[in-house]
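Listing of upload-v8.csv, CSV, C-alpha atoms
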chain,number,residue,atom,x,y,z
A,1228,MET,CA,34.1,-50.0,-13.1
A,1229,ALA,CA,35.1,-46.4,-13.8
A,1230,GLU,CA,33.8,-44.3,-16.7
A,1231,ASP,CA,35.5,-41.1,-17.9
A,1232,THR,CA,33.6,-38.6,-20.1
A,1233,ASP,CA,34.7,-35.1,-21.4
A,1234,GLN,CA,31.9,-32.7,-22.1
A,1235,GLY,CA,31.6,-28.9,-22.6
A,1236,GLY,CA,32.4,-26.0,-24.9
A,1237,SER,CA,35.3,-25.8,-27.2
A,1238,GLY,CA,38.9,-25.0,-26.1
A,1239,ALA,CA,39.2,-23.4,-22.7
A,1240,ASP,CA,35.8,-21.8,-22.8
A,1241,GLY,CA,34.3,-24.3,-20.3
A,1242,TRP,CA,34.3,-28.0,-19.8
A,1243,VAL,CA,33.0,-30.8,-17.7
A,1244,LYS,CA,34.9,-34.1,-17.0
A,1245,PHE,CA,32.7,-36.8,-15.6
A,1246,ARG,CA,34.1,-39.8,-13.8
A,1247,ARG,CA,31.8,-42.5,-12.4
A,1248,SER,CA,32.6,-45.6,-10.4
A,1249,ASP,CA,29.5,-47.6,-9.6
A,1250,ARG,CA,27.4,-45.4,-7.4
A,1251,ASP,CA,30.0,-42.6,-6.9
A,1252,ALA,CA,30.8,-39.8,-9.4
A,1253,THR,CA,33.1,-36.9,-9.7
A,1254,LEU,CA,32.3,-33.9,-11.9
A,1255,SER,CA,35.4,-31.8,-12.6
A,1256,LEU,CA,34.5,-28.4,-13.9
A,1257,GLY,CA,37.0,-26.1,-15.6
A,1258,GLY,CA,37.5,-23.1,-17.9
A,1259,ARG,CA,35.1,-20.2,-18.1
A,1260,TRP,CA,31.6,-20.9,-16.7
A,1261,THR,CA,30.1,-17.7,-17.9
A,1262,VAL,CA,26.9,-16.6,-19.8
A,1263,GLU,CA,28.4,-16.9,-23.3
A,1264,ASN,CA,29.2,-20.6,-22.7
A,1265,ALA,CA,25.9,-21.4,-20.8
A,1266,GLY,CA,24.2,-23.1,-23.7
A,1267,ALA,CA,27.0,-25.5,-24.4
A,1268,LEU,CA,27.5,-26.2,-20.7
A,1269,ASP,CA,23.8,-26.8,-20.2
A,1270,HIS,CA,23.8,-29.3,-23.0
A,1271,ALA,CA,26.9,-31.0,-21.5
A,1272,LEU,CA,25.4,-31.4,-18.1
A,1273,GLY,CA,22.1,-32.7,-19.6
A,1274,ALA,CA,24.0,-35.5,-21.4
A,1275,LEU,CA,25.6,-36.9,-18.2
A,1276,ASP,CA,24.3,-40.1,-16.7
A,1277,LEU,CA,23.5,-39.1,-13.1
A,1278,GLY,CA,21.0,-41.9,-12.4
A,1279,GLY,CA,21.5,-44.3,-9.5
A,1280,LEU,CA,24.2,-42.3,-7.7
A,1281,THR,CA,24.6,-42.2,-3.9
A,1282,ARG,CA,27.5,-39.8,-3.8
A,1283,ALA,CA,28.7,-37.0,-6.1
A,1284,GLU,CA,31.5,-34.5,-5.9
A,1285,PHE,CA,31.9,-31.2,-7.7
A,1286,ASP,CA,35.5,-30.4,-8.2
A,1287,LEU,CA,35.8,-26.6,-9.0
A,1288,SER,CA,39.5,-26.3,-8.7
A,1289,ALA,CA,40.0,-25.8,-12.5
A,1290,LEU,CA,37.5,-23.0,-12.9
A,1291,THR,CA,39.1,-19.9,-14.3
A,1292,ALA,CA,35.9,-17.7,-14.4
A,1293,LEU,CA,32.4,-18.0,-13.0
A,1294,ASP,CA,29.4,-15.7,-13.3
A,1295,THR,CA,25.8,-15.9,-12.2
A,1296,ALA,CA,24.7,-18.0,-15.2
A,1297,GLY,CA,27.5,-20.6,-14.6
A,1298,ALA,CA,26.8,-20.6,-10.9
A,1299,TRP,CA,23.1,-21.2,-11.5
A,1300,LEU,CA,23.9,-24.2,-13.8
A,1301,ILE,CA,26.1,-25.7,-11.0
A,1302,TRP,CA,23.4,-25.0,-8.4
A,1303,ARG,CA,20.7,-26.5,-10.5
A,1304,THR,CA,22.6,-29.8,-11.0
A,1305,ASP,CA,23.5,-29.8,-7.3
A,1306,SER,CA,19.8,-29.4,-6.3
A,1307,ALA,CA,18.6,-32.0,-8.8
A,1308,LEU,CA,21.1,-34.6,-7.2
A,1309,ARG,CA,20.1,-33.6,-3.7
A,1310,GLY,CA,16.5,-34.1,-4.6
A,1311,LYS,CA,17.3,-37.7,-5.5
A,1312,LYS,CA,18.9,-38.2,-2.0
A,1313,VAL,CA,22.4,-38.1,-3.4
A,1314,ASP,CA,25.2,-37.0,-1.0
A,1315,VAL,CA,26.8,-34.0,-2.7
A,1316,ALA,CA,30.1,-32.3,-1.9
A,1317,VAL,CA,31.6,-29.2,-3.5
A,1318,THR,CA,35.4,-29.0,-3.3
A,1319,GLY,CA,38.2,-26.8,-4.7
A,1320,ALA,CA,36.1,-23.7,-5.1
A,1321,LYS,CA,37.9,-20.3,-4.8
A,1322,PRO,CA,36.5,-18.0,-2.2
A,1323,ALA,CA,34.9,-15.7,-4.8
A,1324,HIS,CA,33.3,-18.6,-6.6
A,1325,ALA,CA,32.0,-20.1,-3.3
A,1326,SER,CA,30.5,-16.8,-2.4
A,1327,LEU,CA,28.7,-16.5,-5.7
A,1328,LEU,CA,27.4,-20.0,-5.4
A,1329,GLU,CA,26.0,-19.2,-2.0
A,1330,THR,CA,24.4,-16.1,-3.2
A,1331,VAL,CA,22.7,-17.8,-6.2
A,1332,ALA,CA,21.4,-20.6,-3.9
A,1333,ARG,CA,20.1,-18.1,-1.4
A,1334,GLN,CA,18.4,-15.8,-3.9
A,1335,ASN,CA,16.9,-18.5,-6.1
A,1336,VAL,CA,13.1,-18.3,-6.2
A,1337,GLU,CA,10.9,-21.1,-7.4
A,1338,PRO,CA,8.8,-20.1,-10.5
A,1339,PRO,CA,5.1,-19.7,-9.8
A,1340,ALA,CA,3.0,-22.8,-10.4
A,1341,ALA,CA,1.1,-22.9,-13.7
A,1342,PRO,CA,-2.5,-21.7,-13.2
A,1343,ARG,CA,-5.0,-24.5,-12.8
A,1344,HIS,CA,-8.1,-24.6,-14.9
A,1345,LEU,CA,-10.7,-24.8,-12.0
A,1346,ASN,CA,-14.4,-25.2,-12.1
A,1347,PRO,CA,-15.9,-21.6,-12.2
A,1348,ILE,CA,-17.5,-22.1,-8.8
A,1349,VAL,CA,-14.3,-23.5,-7.3
A,1350,ALA,CA,-12.4,-20.6,-8.9
A,1351,LEU,CA,-14.8,-18.1,-7.4
A,1352,VAL,CA,-14.5,-19.6,-3.9
A,1353,THR,CA,-10.7,-19.6,-4.3
A,1354,ASP,CA,-10.6,-16.0,-5.3
A,1355,ILE,CA,-12.8,-15.0,-2.3
A,1356,GLY,CA,-10.6,-17.0,0.0
A,1357,GLU,CA,-7.4,-15.4,-1.3
A,1358,ALA,CA,-8.9,-11.9,-1.1
A,1359,THR,CA,-10.1,-12.6,2.5
A,1360,VAL,CA,-6.6,-13.6,3.5
A,1361,GLU,CA,-5.1,-10.6,1.8
A,1362,VAL,CA,-7.5,-8.2,3.5
A,1363,SER,CA,-6.9,-9.9,6.9
A,1364,ILE,CA,-3.1,-9.5,6.5
A,1365,ASN,CA,-3.5,-5.9,5.4
A,1366,ALA,CA,-5.8,-5.1,8.4
A,1367,ARG,CA,-3.3,-6.7,10.8
A,1368,ASP,CA,-0.5,-4.6,9.4
A,1369,LEU,CA,-2.6,-1.5,9.6
A,1370,LEU,CA,-3.5,-2.2,13.2
A,1371,ASN,CA,0.2,-2.7,14.0
A,1372,PHE,CA,1.0,0.7,12.3
A,1373,LEU,CA,-1.8,2.3,14.3
A,1374,GLY,CA,-0.2,1.1,17.5
A,1375,LEU,CA,3.2,2.4,16.4
A,1376,THR,CA,1.7,5.8,15.6
A,1377,ILE,CA,0.0,6.0,18.9
A,1378,VAL,CA,3.2,5.2,20.8
A,1379,SER,CA,5.1,7.8,18.8
A,1380,TRP,CA,2.2,10.3,19.5
A,1381,ALA,CA,2.4,9.6,23.3
A,1382,ARG,CA,6.1,10.1,23.2
A,1383,ALA,CA,5.6,13.4,21.5
A,1384,VAL,CA,3.0,14.5,24.1
A,1385,ARG,CA,5.6,13.8,26.9
A,1386,ARG,CA,8.3,15.7,24.9
A,1387,PRO,CA,6.5,18.3,22.6
A,1388,GLY,CA,9.8,19.6,21.4
A,1389,ARG,CA,10.2,16.4,19.3
A,1390,VAL,CA,7.4,17.5,17.0
A,1391,ARG,CA,8.8,19.4,14.0
A,1392,ILE,CA,6.7,22.6,13.9
A,1393,ALA,CA,7.9,23.6,10.4
A,1394,SER,CA,6.8,20.3,9.0
A,1395,LEU,CA,3.5,20.4,10.9
A,1396,THR,CA,2.6,23.9,9.6
A,1397,SER,CA,3.7,22.9,6.1
A,1398,GLN,CA,1.3,19.9,6.2
A,1399,MET,CA,-1.5,22.1,7.6
A,1400,GLU,CA,-1.0,24.6,4.7
A,1401,SER,CA,-0.9,21.8,2.1
A,1402,ALA,CA,-3.8,19.8,3.4
A,1403,GLY,CA,-6.0,22.6,4.8
A,1404,LEU,CA,-5.4,26.0,3.3
A,1405,ARG,CA,-4.8,24.8,-0.3
A,1406,ALA,CA,-7.8,22.6,-0.1
A,1407,LEU,CA,-10.3,25.4,0.5
A,1408,PRO,CA,-11.1,26.2,-3.1
A,1409,ILE,CA,-12.1,22.6,-4.1
A,1410,VAL,CA,-13.8,21.9,-0.8
A,1411,GLY,CA,-15.8,25.1,-1.0
A,1412,LEU,CA,-16.9,24.7,-4.6
A,1413,LEU,CA,-18.0,21.1,-4.2
A,1414,ALA,CA,-19.8,21.8,-0.9
A,1415,PHE,CA,-21.6,24.8,-2.5
A,1416,LEU,CA,-22.7,22.6,-5.4
A,1417,ILE,CA,-23.9,19.8,-3.1
A,1418,GLY,CA,-26.0,22.4,-1.3
A,1419,VAL,CA,-27.5,23.5,-4.6
A,1420,VAL,CA,-28.3,19.9,-5.6
A,1421,THR,CA,-29.7,19.0,-2.2
A,1422,ALA,CA,-32.0,22.1,-2.2
A,1423,TYR,CA,-33.1,21.5,-5.8
A,1424,GLN,CA,-33.9,17.8,-5.3
A,1425,GLY,CA,-35.6,18.4,-1.9
A,1426,ALA,CA,-37.7,21.2,-3.3
A,1427,ASP,CA,-38.7,19.1,-6.3
A,1428,GLN,CA,-40.1,16.3,-4.0
A,1429,LEU,CA,-41.6,18.6,-1.4
A,1430,ALA,CA,-43.5,20.6,-4.0
A,1431,ARG,CA,-45.9,17.7,-4.4
A,1432,PHE,CA,-47.1,18.3,-0.9
A,1433,GLY,CA,-46.9,22.1,-0.9
A,1434,ALA,CA,-44.1,21.9,1.8
A,1435,GLN,CA,-41.2,23.6,-0.1
A,1436,ILE,CA,-40.3,25.5,3.1
A,1437,PHE,CA,-39.0,22.3,4.6
A,1438,THR,CA,-36.3,22.3,1.9
A,1439,VAL,CA,-34.4,24.4,4.4
A,1440,ASN,CA,-34.6,21.6,7.0
A,1441,ILE,CA,-33.3,19.1,4.5
A,1442,VAL,CA,-30.4,21.3,3.5
A,1443,GLY,CA,-29.5,22.2,7.1
A,1444,ILE,CA,-29.7,18.8,8.6
A,1445,GLY,CA,-28.2,17.0,5.6
A,1446,ILE,CA,-25.2,19.3,5.2
A,1447,LEU,CA,-24.4,19.7,8.9
A,1448,ARG,CA,-24.8,16.1,10.0
A,1449,GLU,CA,-23.6,14.2,7.0
A,1450,MET,CA,-22.9,15.8,3.6
A,1451,GLY,CA,-20.4,18.5,4.8
A,1452,ILE,CA,-18.1,16.1,6.7
A,1453,LEU,CA,-18.4,13.3,4.0
A,1454,ILE,CA,-17.6,15.5,1.0
A,1455,THR,CA,-14.7,17.0,3.0
A,1456,ALA,CA,-13.3,13.6,4.0
A,1457,ILE,CA,-13.6,12.2,0.4
A,1458,ILE,CA,-11.9,15.2,-1.1
A,1459,VAL,CA,-9.1,15.1,1.5
A,1460,ALA,CA,-8.6,11.4,1.1
A,1461,GLY,CA,-8.3,11.8,-2.7
A,1462,ARG,CA,-6.1,14.9,-2.4
A,1463,SER,CA,-4.0,14.7,0.7
A,1464,GLY,CA,-4.2,10.9,1.6
A,1465,SER,CA,-2.9,10.0,-1.9
A,1466,ALA,CA,-0.2,12.7,-1.6
A,1467,PHE,CA,1.0,11.2,1.7
A,1468,THR,CA,1.4,7.8,0.1
A,1469,ALA,CA,3.1,9.1,-3.0
A,1470,GLN,CA,5.6,11.2,-0.9
A,1471,ILE,CA,6.5,8.5,1.5
A,1472,GLY,CA,6.5,5.8,-1.2
A,1473,THR,CA,8.9,7.8,-3.3
A,1474,MET,CA,11.2,8.2,-0.3
A,1475,LYS,CA,11.0,4.5,0.1
A,1476,VAL,CA,11.9,3.8,-3.5
A,1477,ASN,CA,14.9,6.2,-3.2
A,1478,GLU,CA,16.0,4.6,0.0
A,1479,GLU,CA,15.7,7.8,1.9
A,1480,ILE,CA,13.8,6.2,4.7
A,1481,ASP,CA,16.6,3.6,5.1
A,1482,ALA,CA,19.1,6.5,5.3
A,1483,MET,CA,17.0,8.2,8.0
A,1484,ARG,CA,17.1,5.0,10.1
A,1485,THR,CA,20.8,4.7,9.5
A,1486,ILE,CA,21.6,8.1,11.0
A,1487,GLY,CA,19.2,7.6,13.9
A,1488,ILE,CA,16.1,9.5,12.8
A,1489,ASP,CA,12.7,7.9,13.5
A,1490,PRO,CA,10.7,7.9,10.2
A,1491,VAL,CA,7.4,7.6,12.0
A,1492,GLU,CA,8.1,10.6,14.2
A,1493,THR,CA,9.5,12.6,11.3
A,1494,LEU,CA,7.1,11.7,8.5
A,1495,VAL,CA,3.9,10.4,10.1
A,1496,LEU,CA,3.2,12.5,13.1
A,1497,PRO,CA,3.3,15.9,11.3
A,1498,ARG,CA,0.9,14.6,8.7
A,1499,VAL,CA,-1.5,12.9,11.2
A,1500,ILE,CA,-1.5,15.9,13.7
A,1501,GLY,CA,-1.8,18.4,10.8
A,1502,LEU,CA,-4.8,16.6,9.3
A,1503,VAL,CA,-6.5,16.1,12.7
A,1504,ILE,CA,-6.3,19.9,13.2
A,1505,VAL,CA,-7.4,21.1,9.8
A,1506,MET,CA,-10.3,18.6,9.2
A,1507,PRO,CA,-12.7,20.4,11.7
A,1508,LEU,CA,-11.9,23.7,10.1
A,1509,LEU,CA,-12.4,22.4,6.6
A,1510,THR,CA,-15.7,20.8,7.7
A,1511,PHE,CA,-16.9,24.0,9.2
A,1512,TYR,CA,-16.1,25.8,5.9
A,1513,ALA,CA,-17.8,23.1,3.9
A,1514,ASP,CA,-20.9,23.4,6.1
A,1515,ILE,CA,-21.1,27.2,5.5
A,1516,MET,CA,-20.6,26.8,1.8
A,1517,GLY,CA,-23.1,24.0,1.5
A,1518,ILE,CA,-25.8,26.0,3.4
A,1519,VAL,CA,-25.0,29.1,1.2
A,1520,GLY,CA,-25.5,26.9,-1.9
A,1521,GLY,CA,-28.8,25.7,-0.6
A,1522,ALA,CA,-29.9,29.2,0.3
A,1523,VAL,CA,-29.0,30.5,-3.2
A,1524,GLN,CA,-31.0,27.7,-4.9
A,1525,ALA,CA,-33.9,28.3,-2.5
A,1526,THR,CA,-33.9,32.0,-3.3
A,1527,MET,CA,-33.8,31.4,-7.0
A,1528,SER,CA,-36.3,28.6,-7.4
A,1529,LEU,CA,-38.6,28.9,-4.3
A,1530,ASP,CA,-38.7,32.7,-3.8
A,1531,ILE,CA,-37.5,32.2,-0.2
A,1532,SER,CA,-35.4,35.2,0.8
A,1533,PHE,CA,-32.1,34.7,2.4
A,1534,LEU,CA,-33.3,36.1,5.8
A,1535,HIS,CA,-36.3,33.8,5.7
A,1536,PHE,CA,-34.0,30.9,4.9
A,1537,ILE,CA,-31.9,31.8,8.0
A,1538,ARG,CA,-34.9,32.1,10.2
A,1539,GLN,CA,-36.2,28.7,9.1
A,1540,LEU,CA,-32.8,27.2,9.5
A,1541,LYS,CA,-32.5,28.4,13.0
A,1542,THR,CA,-35.9,26.9,13.9
A,1543,ALA,CA,-35.3,23.6,12.1
A,1544,VAL,CA,-31.7,22.8,13.0
A,1545,HIS,CA,-30.5,22.2,16.5
A,1546,ILE,CA,-26.9,23.0,17.5
A,1547,THR,CA,-26.3,19.2,18.1
A,1548,SER,CA,-26.6,18.7,14.3
A,1549,PHE,CA,-23.6,20.9,13.8
A,1550,TRP,CA,-21.6,19.2,16.6
A,1551,VAL,CA,-22.4,15.8,15.2
A,1552,GLY,CA,-20.5,16.7,11.9
A,1553,ILE,CA,-17.7,18.5,13.6
A,1554,THR,CA,-17.1,15.7,16.1
A,1555,LYS,CA,-16.5,13.2,13.3
A,1556,ALA,CA,-13.9,15.4,11.6
A,1557,PRO,CA,-10.8,14.8,13.8
A,1558,LEU,CA,-11.5,11.0,13.6
A,1559,PHE,CA,-11.8,11.0,9.8
A,1560,GLY,CA,-8.7,13.1,9.5
A,1561,PHE,CA,-6.8,10.7,11.7
A,1562,ILE,CA,-8.0,7.7,9.6
A,1563,ILE,CA,-7.1,9.4,6.2
A,1564,ALA,CA,-3.6,10.4,7.4
A,1565,LEU,CA,-3.0,7.0,9.0
A,1566,VAL,CA,-4.0,5.0,5.9
A,1567,GLY,CA,-2.1,7.3,3.6
A,1568,CYS,CA,1.2,7.0,5.6
A,1569,PHE,CA,0.7,3.3,6.1
A,1570,GLU,CA,0.4,2.6,2.4
A,1571,GLY,CA,3.4,4.8,1.8
A,1572,PHE,CA,5.5,2.6,4.0
A,1573,MET,CA,4.2,-0.5,2.3
A,1574,VAL,CA,5.6,0.6,-1.1
A,1575,THR,CA,8.3,-1.7,-2.5
A,1576,ARG,CA,11.2,-0.3,-4.5
A,1577,SER,CA,9.5,0.2,-7.8
A,1578,ALA,CA,7.6,3.0,-9.4
A,1579,GLU,CA,4.7,0.7,-10.2
A,1580,SER,CA,4.3,0.0,-6.5
A,1581,VAL,CA,3.9,3.7,-5.7
A,1582,GLY,CA,0.9,4.0,-8.1
A,1583,ARG,CA,-0.7,0.8,-6.8
A,1584,HIS,CA,-0.4,1.8,-3.1
A,1585,THR,CA,-1.6,5.3,-3.8
A,1586,THR,CA,-4.8,3.9,-5.3
A,1587,LYS,CA,-5.2,1.5,-2.4
A,1588,ALA,CA,-4.7,4.4,0.1
A,1589,VAL,CA,-7.6,6.4,-1.4
A,1590,VAL,CA,-9.9,3.4,-1.6
A,1591,GLU,CA,-9.2,2.2,1.9
A,1592,ALA,CA,-9.5,5.6,3.4
A,1593,VAL,CA,-12.8,6.4,1.8
A,1594,PHE,CA,-14.1,2.9,2.7
A,1595,LEU,CA,-13.1,3.3,6.4
A,1596,VAL,CA,-14.5,6.8,6.5
A,1597,ILE,CA,-17.9,5.7,5.3
A,1598,VAL,CA,-18.0,2.6,7.6
A,1599,PHE,CA,-17.1,4.8,10.7
A,1600,ASP,CA,-19.6,7.4,9.5
A,1601,ALA,CA,-22.4,4.8,9.5
A,1602,PHE,CA,-21.5,3.5,13.0
A,1603,LEU,CA,-21.3,7.1,14.4
A,1604,SER,CA,-24.6,8.1,12.7
A,1605,ILE,CA,-26.3,5.1,14.4
A,1606,PHE,CA,-24.6,6.0,17.7
A,1607,PHE,CA,-25.6,9.6,17.7
A,1608,SER,CA,-29.2,8.8,16.8
A,1609,SER,CA,-29.4,6.2,19.6
A,1610,ILE,CA,-28.3,8.9,22.2
A,1611,GLY,CA,-30.8,11.4,20.8
A,1612,TRP,CA,-28.5,13.7,19.0

What do you get writing this file as structure tokens?
Amino acid sequence: MAEDTDQGGSGADGWVKFRRSDRDATLSLGGRWTVENAGALDHALGALDLGGLTRAEFDLSALTALDTAGAWLIWRTDSALRGKKVDVAVTGAKPAHASLLETVARQNVEPPAAPRHLNPIVALVTDIGEATVEVSINARDLLNFLGLTIVSWARAVRRPGRVRIASLTSQMESAGLRALPIVGLLAFLIGVVTAYQGADQLARFGAQIFTVNIVGIGILREMGILITAIIVAGRSGSAFTAQIGTMKVNEEIDAMRTIGIDPVETLVLPRVIGLVIVMPLLTFYADIMGIVGGAVQATMSLDISFLHFIRQLKTAVHITSFWVGITKAPLFGFIIALVGCFEGFMVTRSAESVGRHTTKAVVEAVFLVIVFDAFLSIFFSSIGW
């Protein structure tokens, strides 16, 4: 028994002719299946009796116009039938219409599931698990990027001419020379605070002279390199992410690959090498400014002359304390540059993504610097440095 039904919009705007014979059905679609007719067509499709079918055919030969909205309505009906194990065939589609239907089917993304109202403890465990997975994936990708950077660096060592000297010197100027004022000021103030707090505690035992020991050892071994690394991470690491991320948004990196330029060699190596070179210099400068700040505070509050401060510093501080801080500097510079460039390449093509990954770059770089500083401090102490 056959059943014929006409559904759809008025006139030639868009229509559906439905013919059913037992468990087989034919849907003839015609007219303009476009966004202005989507409401009427959606209502027409929803009114069809599609239950109990084993085979269905979409005849698109009468379509005069089709846009994404119309193609989505067809795809949705097709998918609903296939979900019921119905054998679906699409016939009569013009090449342009068939291509649009394929594109809609390929790009369709299922909407996210509605949030479940979980028990607070279950929700906490779920959040911890999701965060752990995200951190693990990020660590894996960062490790892959580290390997890619090392390979590019080894290639540059074999062929030094591949390193762009102009780009390298520009990065050294930006990350090193222009960072001197802020690094010097903060290191000086850290020296002042360290001397003030140390003297305040040691005054209880009449041992204010050992304030020099606290300032010298604290600045040279830890505070100088840490304050420098944190400033560089917030200043240069974030800049690396923003620069590369903006290039990613503007598709400049894709253009570089298209014309045969290696983005890692061009964008990453100058930044990594430049920061590895300037970090020891910035750390040395921070050490000097921190000690000067401590000496100024000691002179003002403890009546310790500058020459007396220097003599006590020479007696209290061994040269190994200086080398402990300087040895950490190239490693921390490498970590900051690596993380900054990595997060830049992780940016998707949106301005919001640039800001999010810039923040992540600073947080991750500072976290890794402090973690490695803790391990290195334990290591140097264990070997007697």

Might you pull out every residue within 8 Å of A:Leu1509, with only C-alpha atoms counted and same-chain residues fewer than 2 positions away left off, and present them as a ChimeraX atom specification? /A:1403,1407,1410,1455,1505-1507,1511-1513

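Put simply, atom CA of A:Ser1401 is 10.8 Å away from atom CA of A:Phe1467.
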
All residues 9 Å or closer to stretch 1544-1546 of chain A, all atoms listed in the file, same chain fewer than 3 positions away omitted, as number ranges by chain: A: 1440, 1443-1444, 1447, 1539-1541, 1549-1551

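Shortest separation to A:Asp1276 among A:Cys1568, A:Ser1288, A:Asp1249, A:Val1262 occurs at residue A:Asp1249, atoms counted being only C-alpha atoms.
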
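Separating atom CA of A:Asn1264 from atom CA of A:Asp1314 is a distance of 27.5 Å.
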
Find the distance between atom CA of A:Leu1529 and atom CA of A:Met1516 and write it in Å to one decimal.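 One can read the atom CA of A:Leu1529 to atom CA of A:Met1516 distance as 19.1 Å.
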
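Minimum distance to A:Leu1453 across A:Ile1553, A:Leu1351, A:Val1313, A:Ala1393 (counting all atoms listed in the file) occurs at A:Ile1553.
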